[in-house]
file run_22.pdb (PDB, C-alpha atoms)
ATOM      1  CA  MET K   1      -3.230-256.499 -28.021  1.00  0.00           C
ATOM      2  CA  ARG K   2      -6.497-258.183 -27.122  1.00  0.00           C
ATOM      3  CA  LEU K   3      -4.971-259.609 -23.937  1.00  0.00           C
ATOM      4  CA  VAL K   4      -3.896-256.116 -22.875  1.00  0.00           C
ATOM      5  CA  PHE K   5      -7.462-254.864 -23.408  1.00  0.00           C
ATOM      6  CA  VAL K   6      -8.904-257.755 -21.397  1.00  0.00           C
ATOM      7  CA  SER K   7      -6.416-257.128 -18.591  1.00  0.00           C
ATOM      8  CA  ALA K   8      -7.358-253.453 -18.502  1.00  0.00           C
ATOM      9  CA  VAL K   9     -11.044-254.371 -18.274  1.00  0.00           C
ATOM     10  CA  VAL K  10     -10.346-256.803 -15.414  1.00  0.00           C
ATOM     11  CA  ILE K  11      -8.447-254.139 -13.485  1.00  0.00           C
ATOM     12  CA  ALA K  12     -11.170-251.556 -14.123  1.00  0.00           C
ATOM     13  CA  ALA K  13     -13.883-253.958 -12.948  1.00  0.00           C
ATOM     14  CA  ALA K  14     -11.959-254.724  -9.758  1.00  0.00           C
ATOM     15  CA  MET K  15     -11.440-251.038  -9.031  1.00  0.00           C
ATOM     16  CA  LEU K  16     -15.114-250.312  -9.721  1.00  0.00           C
ATOM     17  CA  SER K  17     -16.207-252.912  -7.168  1.00  0.00           C
ATOM     18  CA  ASP K  18     -13.986-251.382  -4.500  1.00  0.00           C
ATOM     19  CA  ILE K  19     -15.160-247.876  -5.341  1.00  0.00           C
ATOM     20  CA  SER K  20     -18.850-248.857  -5.313  1.00  0.00           C
ATOM     21  CA  ALA K  21     -18.535-250.408  -1.841  1.00  0.00           C
ATOM     22  CA  VAL K  22     -16.809-247.297  -0.497  1.00  0.00           C
ATOM     23  CA  SER K  23     -19.272-245.070  -2.351  1.00  0.00           C
ATOM     24  CA  ALA K  24     -22.280-246.839  -0.812  1.00  0.00           C
ATOM     25  CA  GLN K  25     -20.879-246.418   2.694  1.00  0.00           C
ATOM     26  CA  THR K  26     -19.935-242.804   2.051  1.00  0.00           C
ATOM     27  CA  THR K  27     -23.383-242.000   0.644  1.00  0.00           C
ATOM     28  CA  GLU K  28     -25.135-243.506   3.647  1.00  0.00           C
ATOM     29  CA  ASN K  29     -22.827-241.684   6.056  1.00  0.00           C
ATOM     30  CA  ALA K  30     -23.374-238.387   4.239  1.00  0.00           C
ATOM     31  CA  LEU K  31     -27.152-238.843   4.294  1.00  0.00           C
ATOM     32  CA  ARG K  32     -27.158-239.684   7.992  1.00  0.00           C
ATOM     33  CA  GLU K  33     -24.910-236.704   8.777  1.00  0.00           C
ATOM     34  CA  GLU K  34     -27.212-234.409   6.797  1.00  0.00           C
ATOM     35  CA  TYR K  35     -30.180-235.908   8.677  1.00  0.00           C
ATOM     36  CA  GLU K  36     -28.595-235.216  12.051  1.00  0.00           C
ATOM     37  CA  GLN K  37     -27.785-231.620  11.079  1.00  0.00           C
ATOM     38  CA  LYS K  38     -31.347-231.004   9.949  1.00  0.00           C
ATOM     39  CA  LYS K  39     -32.745-232.632  13.093  1.00  0.00           C
ATOM     40  CA  VAL K  40     -30.593-230.355  15.267  1.00  0.00           C
ATOM     41  CA  LEU K  41     -31.802-227.383  13.221  1.00  0.00           C
ATOM     42  CA  ILE K  42     -35.455-228.375  13.697  1.00  0.00           C
ATOM     43  CA  ASN K  43     -34.953-228.757  17.464  1.00  0.00           C
ATOM     44  CA  ASP K  44     -33.144-225.389  17.623  1.00  0.00           C
ATOM     45  CA  MET K  45     -36.006-223.732  15.764  1.00  0.00           C
ATOM     46  CA  PHE K  46     -38.462-225.287  18.216  1.00  0.00           C
ATOM     47  CA  GLN K  47     -36.479-224.078  21.231  1.00  0.00           C
ATOM     48  CA  THR K  48     -36.282-220.578  19.758  1.00  0.00           C
ATOM     49  CA  LYS K  49     -40.041-220.569  19.156  1.00  0.00           C
ATOM     50  CA  VAL K  50     -40.751-221.718  22.735  1.00  0.00           C
ATOM     51  CA  GLN K  51     -38.433-219.022  24.115  1.00  0.00           C
ATOM     52  CA  LYS K  52     -40.232-216.357  22.096  1.00  0.00           C
ATOM     53  CA  ILE K  53     -43.606-217.613  23.305  1.00  0.00           C
ATOM     54  CA  ARG K  54     -42.455-217.584  26.951  1.00  0.00           C
ATOM     55  CA  GLN K  55     -41.019-214.087  26.608  1.00  0.00           C
ATOM     56  CA  ARG K  56     -44.498-212.764  25.936  1.00  0.00           C
ATOM     57  CA  THR K  57     -45.605-212.171  29.470  1.00  0.00           C
ATOM     58  CA  VAL K  58     -48.897-210.645  28.400  1.00  0.00           C
ATOM     59  CA  LEU K  59     -50.152-213.979  27.056  1.00  0.00           C
ATOM     60  CA  PRO K  60     -52.415-215.966  29.330  1.00  0.00           C
ATOM     61  CA  GLU K  61     -51.017-219.292  30.507  1.00  0.00           C
ATOM     62  CA  ASP K  62     -53.600-221.308  28.549  1.00  0.00           C
ATOM     63  CA  ILE K  63     -52.739-219.641  25.232  1.00  0.00           C
ATOM     64  CA  MET K  64     -49.021-219.990  25.929  1.00  0.00           C
ATOM     65  CA  ASN K  65     -49.444-223.729  26.549  1.00  0.00           C
ATOM     66  CA  VAL K  66     -51.507-224.141  23.357  1.00  0.00           C
ATOM     67  CA  LEU K  67     -48.875-222.307  21.293  1.00  0.00           C
ATOM     68  CA  ILE K  68     -46.078-224.427  22.774  1.00  0.00           C
ATOM     69  CA  LYS K  69     -48.109-227.599  22.144  1.00  0.00           C
ATOM     70  CA  GLN K  70     -48.704-226.552  18.519  1.00  0.00           C
ATOM     71  CA  ALA K  71     -45.030-225.740  18.030  1.00  0.00           C
ATOM     72  CA  ASP K  72     -44.157-229.186  19.403  1.00  0.00           C
ATOM     73  CA  GLU K  73     -46.601-230.812  16.965  1.00  0.00           C
ATOM     74  CA  VAL K  74     -44.945-228.965  14.086  1.00  0.00           C
ATOM     75  CA  ARG K  75     -41.517-230.077  15.354  1.00  0.00           C
ATOM     76  CA  GLU K  76     -42.679-233.703  15.584  1.00  0.00           C
ATOM     77  CA  PHE K  77     -44.161-233.508  12.084  1.00  0.00           C
ATOM     78  CA  ASP K  78     -40.946-232.016  10.706  1.00  0.00           C
ATOM     79  CA  ILE K  79     -38.870-234.775  12.324  1.00  0.00           C
ATOM     80  CA  TYR K  80     -41.319-237.417  11.073  1.00  0.00           C
ATOM     81  CA  THR K  81     -41.038-235.985   7.553  1.00  0.00           C
ATOM     82  CA  LEU K  82     -37.263-235.855   7.889  1.00  0.00           C
ATOM     83  CA  ASP K  83     -37.217-239.523   8.963  1.00  0.00           C
ATOM     84  CA  ARG K  84     -39.331-240.569   5.963  1.00  0.00           C
ATOM     85  CA  LYS K  85     -37.137-238.531   3.645  1.00  0.00           C
ATOM     86  CA  LEU K  86     -34.004-240.200   5.038  1.00  0.00           C
ATOM     87  CA  GLU K  87     -35.557-243.643   4.573  1.00  0.00           C
ATOM     88  CA  LEU K  88     -36.512-242.749   1.014  1.00  0.00           C
ATOM     89  CA  LYS K  89     -33.031-241.453   0.166  1.00  0.00           C
ATOM     90  CA  LEU K  90     -31.386-244.523   1.712  1.00  0.00           C
ATOM     91  CA  ARG K  91     -33.694-246.826  -0.242  1.00  0.00           C
ATOM     92  CA  HIS K  92     -32.930-244.974  -3.475  1.00  0.00           C
ATOM     93  CA  ALA K  93     -29.196-245.159  -2.788  1.00  0.00           C
ATOM     94  CA  LYS K  94     -29.499-248.892  -2.087  1.00  0.00           C
ATOM     95  CA  GLU K  95     -31.405-249.444  -5.344  1.00  0.00           C
ATOM     96  CA  ARG K  96     -28.726-247.565  -7.286  1.00  0.00           C
ATOM     97  CA  ASP K  97     -26.008-249.594  -5.567  1.00  0.00           C
ATOM     98  CA  GLU K  98     -27.794-252.839  -6.466  1.00  0.00           C
ATOM     99  CA  VAL K  99     -27.952-251.809 -10.123  1.00  0.00           C
ATOM    100  CA  ARG K 100     -24.266-250.830 -10.054  1.00  0.00           C
ATOM    101  CA  GLU K 101     -23.392-254.171  -8.453  1.00  0.00           C
ATOM    102  CA  LYS K 102     -25.407-256.048 -11.087  1.00  0.00           C
ATOM    103  CA  LEU K 103     -23.642-254.155 -13.884  1.00  0.00           C
ATOM    104  CA  ARG K 104     -20.264-254.783 -12.257  1.00  0.00           C
ATOM    105  CA  LYS K 105     -20.966-258.516 -12.021  1.00  0.00           C
ATOM    106  CA  GLU K 106     -22.086-258.605 -15.651  1.00  0.00           C
ATOM    107  CA  ALA K 107     -18.858-256.854 -16.659  1.00  0.00           C
ATOM    108  CA  GLN K 108     -16.826-259.338 -14.638  1.00  0.00           C
ATOM    109  CA  GLU K 109     -18.674-262.242 -16.261  1.00  0.00           C
ATOM    110  CA  ARG K 110     -17.965-260.821 -19.732  1.00  0.00           C
ATOM    111  CA  VAL K 111     -14.293-260.447 -18.875  1.00  0.00           C
ATOM    112  CA  LYS K 112     -14.202-263.957 -17.435  1.00  0.00           C
ATOM    113  CA  TRP K 113     -15.856-265.291 -20.585  1.00  0.00           C
ATOM    114  CA  LEU K 114     -13.347-263.401 -22.751  1.00  0.00           C
ATOM    115  CA  LEU K 115     -10.434-264.807 -20.790  1.00  0.00           C
ATOM    116  CA  GLU K 116     -11.800-268.344 -20.903  1.00  0.00           C
ATOM    117  CA  ASN K 117     -12.469-268.161 -24.628  1.00  0.00           C
ATOM    118  CA  GLU K 118      -9.254-266.333 -25.535  1.00  0.00           C
ATOM    119  CA  GLU K 119      -7.358-269.588 -26.083  1.00  0.00           C
ATOM    120  CA  ALA K 120     -10.163-271.105 -28.159  1.00  0.00           C
ATOM    121  CA  PHE K 121     -10.298-267.935 -30.222  1.00  0.00           C
ATOM    122  CA  LYS K 122      -6.538-268.015 -30.798  1.00  0.00           C
ATOM    123  CA  ALA K 123      -6.684-271.694 -31.779  1.00  0.00           C
ATOM    124  CA  THR K 124      -9.501-271.068 -34.262  1.00  0.00           C
ATOM    125  CA  GLN K 125      -7.664-268.070 -35.638  1.00  0.00           C
ATOM    126  CA  ASP K 126      -4.467-270.143 -36.086  1.00  0.00           C
ATOM    127  CA  GLU K 127      -6.417-272.941 -37.823  1.00  0.00           C
ATOM    128  CA  ARG K 128      -7.954-270.475 -40.251  1.00  0.00           C
ATOM    129  CA  ALA K 129      -4.561-268.922 -40.947  1.00  0.00           C
ATOM    130  CA  GLN K 130      -3.118-272.392 -41.679  1.00  0.00           C
ATOM    131  CA  GLU K 131      -6.050-273.236 -43.975  1.00  0.00           C
ATOM    132  CA  ASP K 132      -5.589-269.946 -45.814  1.00  0.00           C
ATOM    133  CA  ALA K 133      -1.851-270.636 -46.184  1.00  0.00           C
ATOM    134  CA  LYS K 134      -2.569-274.137 -47.591  1.00  0.00           C
ATOM    135  CA  LYS K 135      -5.057-272.720 -50.089  1.00  0.00           C
ATOM    136  CA  LEU K 136      -2.543-270.089 -51.138  1.00  0.00           C
ATOM    137  CA  ASP K 137       0.164-272.760 -51.573  1.00  0.00           C
ATOM    138  CA  ARG K 138      -2.156-274.884 -53.735  1.00  0.00           C
ATOM    139  CA  ILE K 139      -2.987-271.917 -55.902  1.00  0.00           C
ATOM    140  CA  GLU K 140       0.678-271.027 -56.328  1.00  0.00           C
ATOM    141  CA  ASN K 141       1.730-274.622 -57.064  1.00  0.00           C
ATOM    142  CA  VAL K 142      -0.884-275.294 -59.733  1.00  0.00           C
ATOM    143  CA  PRO K 143       0.892-275.222 -63.119  1.00  0.00           C
ATOM    144  CA  ALA K 144      -0.297-272.454 -65.261  1.00  0.00           C
ATOM    145  CA  GLN K 145      -2.346-273.884 -68.080  1.00  0.00           C
ATOM    146  CA  ILE K 146      -1.878-271.792 -71.082  1.00  0.00           C
ATOM    147  CA  ALA K 147      -4.683-271.962 -73.531  1.00  0.00           C
ATOM    148  CA  PRO K 148      -3.601-272.467 -77.151  1.00  0.00           C
ATOM    149  CA  GLU K 149      -3.581-269.299 -79.063  1.00  0.00           C
ATOM    150  CA  GLN K 150      -6.610-268.920 -81.073  1.00  0.00           C
ATOM    151  CA  LYS K 151      -6.501-267.152 -84.329  1.00  0.00           C
ATOM    152  CA  PRO K 152      -9.381-264.936 -85.171  1.00  0.00           C
ATOM    153  CA  ALA K 153     -11.738-266.519 -87.586  1.00  0.00           C
ATOM    154  CA  GLU K 154     -11.052-265.613 -91.175  1.00  0.00           C
ATOM    155  CA  PRO K 155     -13.917-264.182 -93.032  1.00  0.00           C
ATOM    156  CA  ASN K 156     -15.467-266.400 -95.681  1.00  0.00           C
ATOM    157  CA  ASN K 157     -15.246-264.566 -98.948  1.00  0.00           C
ATOM    158  CA  LYS K 158     -16.711-267.031-101.318  1.00  0.00           C
TER     159      LYS K 158
END

call {"tool": "encode", "arguments": {"input": "run_22.pdb", "output": "structure tokens"}}
result
Amino acid sequence: MRLVFVSAVVIAAAMLSDISAVSAQTTENALREEYEQKKVLINDMFQTKVQKIRQRTVLPEDIMNVLIKQADEVREFDIYTLDRKLELKLRHAKERDEVREKLRKEAQERVKWLLENEEAFKATQDERAQEDAKKLDRIENVPAQIAPEQKPAEPNNK
């Protein structure tokens, strides 16, 4: 029974390690894909803003250039913020993966310890069972000592 439990834990630990490696790669890929989509969206918003500014023919050239420059600064700031956010999310994901890996290794070490000590445990358990059997045999083989019947003391009526 115990060996079945230990085997199940070993299999679970092995599967967890494979899943965590795939999960880490998938998380990073998903974050980078999300980053690229947001970056494209920011650039599209900038292009739309520039087109709207250029469509205003009544604006003087100087004001148009200032508005385009300001829109570009906002775009650069948004991309900068997006970059920092990606770095932060990747760092957080890495920290979580490190903790998962540490926990997985600890679980594997516990399972390894259980497997290594399983035989010693069985041997100790067998020794105790043999000692208990010997004690039981001694108790059963001891002749029953019957105490002589004692009569109740007779009252002294003198």

call {"tool": "atom_distance", "arguments": {"input": "run_22.pdb", "atom1": "atom CA of Arg84 of chain K", "atom2": "atom CA of Lys52 of chain K"}}
result
29.1 Å

call {"tool": "closest_residue", "arguments": {"input": "run_22.pdb", "among": "K:Asp132, K:Lys39, K:Glu28, K:Met64", "to": "Asp83 of chain K", "atoms": "only C-alpha atoms"}}
result
K:Lys39

call {"tool": "residues_around", "arguments": {"input": "run_22.pdb", "residues": "Glu34 of chain K", "least_positions_apart": "5", "cutoff": "12 Å", "atoms": "only C-alpha atoms", "output": "JSON, numbers by chain"}}
result
{"K": [27, 28, 29, 39, 40, 41, 82, 83, 85, 86, 89]}

call {"tool": "residues_near_point", "arguments": {"input": "run_22.pdb", "point": "(-36.3, -225.1, 18.9)", "cutoff": "12 Å", "atoms": "only C-alpha atoms", "output": "MDAnalysis selection string"}}
result
chainID K and resid 38:53 68 71:76 78:79

call {"tool": "write_last_selection", "arguments": {"input": "run_22.pdb", "atoms": "C-alpha atoms", "output": "PDB file, in the frame of the given file"}}
result
ATOM      1  CA  LYS K  38     -31.347-231.004   9.949  1.00  0.00           C
ATOM      2  CA  LYS K  39     -32.745-232.632  13.093  1.00  0.00           C
ATOM      3  CA  VAL K  40     -30.593-230.355  15.267  1.00  0.00           C
ATOM      4  CA  LEU K  41     -31.802-227.383  13.221  1.00  0.00           C
ATOM      5  CA  ILE K  42     -35.455-228.375  13.697  1.00  0.00           C
ATOM      6  CA  ASN K  43     -34.953-228.757  17.464  1.00  0.00           C
ATOM      7  CA  ASP K  44     -33.144-225.389  17.623  1.00  0.00           C
ATOM      8  CA  MET K  45     -36.006-223.732  15.764  1.00  0.00           C
ATOM      9  CA  PHE K  46     -38.462-225.287  18.216  1.00  0.00           C
ATOM     10  CA  GLN K  47     -36.479-224.078  21.231  1.00  0.00           C
ATOM     11  CA  THR K  48     -36.282-220.578  19.758  1.00  0.00           C
ATOM     12  CA  LYS K  49     -40.041-220.569  19.156  1.00  0.00           C
ATOM     13  CA  VAL K  50     -40.751-221.718  22.735  1.00  0.00           C
ATOM     14  CA  GLN K  51     -38.433-219.022  24.115  1.00  0.00           C
ATOM     15  CA  LYS K  52     -40.232-216.357  22.096  1.00  0.00           C
ATOM     16  CA  ILE K  53     -43.606-217.613  23.305  1.00  0.00           C
ATOM     17  CA  ILE K  68     -46.078-224.427  22.774  1.00  0.00           C
ATOM     18  CA  ALA K  71     -45.030-225.740  18.030  1.00  0.00           C
ATOM     19  CA  ASP K  72     -44.157-229.186  19.403  1.00  0.00           C
ATOM     20  CA  GLU K  73     -46.601-230.812  16.965  1.00  0.00           C
ATOM     21  CA  VAL K  74     -44.945-228.965  14.086  1.00  0.00           C
ATOM     22  CA  ARG K  75     -41.517-230.077  15.354  1.00  0.00           C
ATOM     23  CA  GLU K  76     -42.679-233.703  15.584  1.00  0.00           C
ATOM     24  CA  ASP K  78     -40.946-232.016  10.706  1.00  0.00           C
ATOM     25  CA  ILE K  79     -38.870-234.775  12.324  1.00  0.00           C
TER      26      ILE K  79
END

call {"tool": "atom_distance", "arguments": {"input": "run_22.pdb", "atom1": "atom CA of Gln25 of chain K", "atom2": "atom CA of Arg96 of chain K"}}
result
12.7 Å

call {"tool": "build_atoms", "arguments": {"input": "run_22.pdb", "residues": "segment 120-131 of chain K", "atoms": "all heavy atoms", "output": "JSON list (two decimals), in the coordinates of the input"}}
result
[["chain", "number", "residue", "atom", "x", "y", "z"],
["K", 120, "ALA", "N", -9.38, -270.49, -27.08],
["K", 120, "ALA", "CA", -10.16, -271.10, -28.16],
["K", 120, "ALA", "C", -10.19, -270.18, -29.37],
["K", 120, "ALA", "O", -10.07, -270.64, -30.52],
["K", 120, "ALA", "CB", -11.58, -271.39, -27.69],
["K", 121, "PHE", "N", -10.30, -268.91, -29.14],
["K", 121, "PHE", "CA", -10.30, -267.94, -30.22],
["K", 121, "PHE", "C", -8.96, -267.96, -30.96],
["K", 121, "PHE", "O", -8.92, -267.97, -32.18],
["K", 121, "PHE", "CB", -10.59, -266.53, -29.67],
["K", 121, "PHE", "CG", -10.48, -265.44, -30.68],
["K", 121, "PHE", "CD1", -11.49, -265.24, -31.61],
["K", 121, "PHE", "CD2", -9.37, -264.61, -30.71],
["K", 121, "PHE", "CE1", -11.40, -264.23, -32.55],
["K", 121, "PHE", "CE2", -9.27, -263.60, -31.65],
["K", 121, "PHE", "CZ", -10.29, -263.41, -32.58],
["K", 122, "LYS", "N", -7.89, -267.98, -30.19],
["K", 122, "LYS", "CA", -6.54, -268.02, -30.80],
["K", 122, "LYS", "C", -6.36, -269.29, -31.62],
["K", 122, "LYS", "O", -5.81, -269.26, -32.71],
["K", 122, "LYS", "CB", -5.45, -267.94, -29.73],
["K", 122, "LYS", "CG", -5.33, -266.60, -29.06],
["K", 122, "LYS", "CD", -4.55, -265.67, -29.93],
["K", 122, "LYS", "CE", -4.29, -264.39, -29.15],
["K", 122, "LYS", "NZ", -3.80, -263.34, -29.98],
["K", 123, "ALA", "N", -6.83, -270.42, -31.07],
["K", 123, "ALA", "CA", -6.68, -271.69, -31.78],
["K", 123, "ALA", "C", -7.47, -271.66, -33.09],
["K", 123, "ALA", "O", -6.96, -272.08, -34.14],
["K", 123, "ALA", "CB", -7.17, -272.84, -30.90],
["K", 124, "THR", "N", -8.68, -271.17, -33.05],
["K", 124, "THR", "CA", -9.50, -271.07, -34.26],
["K", 124, "THR", "C", -8.85, -270.13, -35.26],
["K", 124, "THR", "O", -8.82, -270.41, -36.47],
["K", 124, "THR", "CB", -10.91, -270.55, -33.91],
["K", 124, "THR", "OG1", -11.48, -271.42, -32.94],
["K", 124, "THR", "CG2", -11.81, -270.48, -35.13],
["K", 125, "GLN", "N", -8.33, -269.04, -34.77],
["K", 125, "GLN", "CA", -7.66, -268.07, -35.64],
["K", 125, "GLN", "C", -6.43, -268.70, -36.30],
["K", 125, "GLN", "O", -6.20, -268.51, -37.50],
["K", 125, "GLN", "CB", -7.27, -266.84, -34.81],
["K", 125, "GLN", "CG", -6.93, -265.62, -35.60],
["K", 125, "GLN", "CD", -6.69, -264.42, -34.70],
["K", 125, "GLN", "OE1", -6.28, -264.57, -33.55],
["K", 125, "GLN", "NE2", -6.93, -263.23, -35.23],
["K", 126, "ASP", "N", -5.65, -269.47, -35.54],
["K", 126, "ASP", "CA", -4.47, -270.14, -36.09],
["K", 126, "ASP", "C", -4.87, -271.18, -37.14],
["K", 126, "ASP", "O", -4.22, -271.30, -38.19],
["K", 126, "ASP", "CB", -3.66, -270.81, -34.97],
["K", 126, "ASP", "CG", -2.97, -269.78, -34.07],
["K", 126, "ASP", "OD1", -2.85, -268.61, -34.49],
["K", 126, "ASP", "OD2", -2.57, -270.17, -32.95],
["K", 127, "GLU", "N", -5.94, -271.94, -36.87],
["K", 127, "GLU", "CA", -6.42, -272.94, -37.82],
["K", 127, "GLU", "C", -6.82, -272.28, -39.14],
["K", 127, "GLU", "O", -6.48, -272.76, -40.22],
["K", 127, "GLU", "CB", -7.60, -273.71, -37.26],
["K", 127, "GLU", "CG", -7.25, -274.70, -36.17],
["K", 127, "GLU", "CD", -8.49, -275.34, -35.56],
["K", 127, "GLU", "OE1", -9.58, -275.27, -36.19],
["K", 127, "GLU", "OE2", -8.37, -275.91, -34.47],
["K", 128, "ARG", "N", -7.53, -271.18, -39.04],
["K", 128, "ARG", "CA", -7.95, -270.48, -40.25],
["K", 128, "ARG", "C", -6.75, -269.93, -41.02],
["K", 128, "ARG", "O", -6.73, -269.97, -42.25],
["K", 128, "ARG", "CB", -8.90, -269.33, -39.89],
["K", 128, "ARG", "CG", -10.27, -269.81, -39.48],
["K", 128, "ARG", "CD", -11.20, -268.68, -39.22],
["K", 128, "ARG", "NE", -12.48, -269.18, -38.73],
["K", 128, "ARG", "CZ", -13.37, -268.45, -38.10],
["K", 128, "ARG", "NH1", -13.12, -267.17, -37.88],
["K", 128, "ARG", "NH2", -14.50, -268.97, -37.70],
["K", 129, "ALA", "N", -5.77, -269.43, -40.29],
["K", 129, "ALA", "CA", -4.56, -268.92, -40.95],
["K", 129, "ALA", "C", -3.84, -270.06, -41.67],
["K", 129, "ALA", "O", -3.34, -269.88, -42.79],
["K", 129, "ALA", "CB", -3.64, -268.27, -39.92],
["K", 130, "GLN", "N", -3.76, -271.24, -41.04],
["K", 130, "GLN", "CA", -3.12, -272.39, -41.68],
["K", 130, "GLN", "C", -3.89, -272.83, -42.92],
["K", 130, "GLN", "O", -3.30, -273.15, -43.95],
["K", 130, "GLN", "CB", -3.00, -273.55, -40.69],
["K", 130, "GLN", "CG", -1.97, -273.31, -39.60],
["K", 130, "GLN", "CD", -1.97, -274.41, -38.55],
["K", 130, "GLN", "OE1", -2.76, -275.34, -38.62],
["K", 130, "GLN", "NE2", -1.08, -274.29, -37.58],
["K", 131, "GLU", "N", -5.23, -272.86, -42.83],
["K", 131, "GLU", "CA", -6.05, -273.24, -43.98],
["K", 131, "GLU", "C", -5.85, -272.25, -45.12],
["K", 131, "GLU", "O", -5.72, -272.65, -46.28],
["K", 131, "GLU", "CB", -7.53, -273.29, -43.58],
["K", 131, "GLU", "CG", -7.89, -274.46, -42.71],
["K", 131, "GLU", "CD", -9.34, -274.40, -42.23],
["K", 131, "GLU", "OE1", -10.11, -273.54, -42.72],
["K", 131, "GLU", "OE2", -9.69, -275.22, -41.37]]
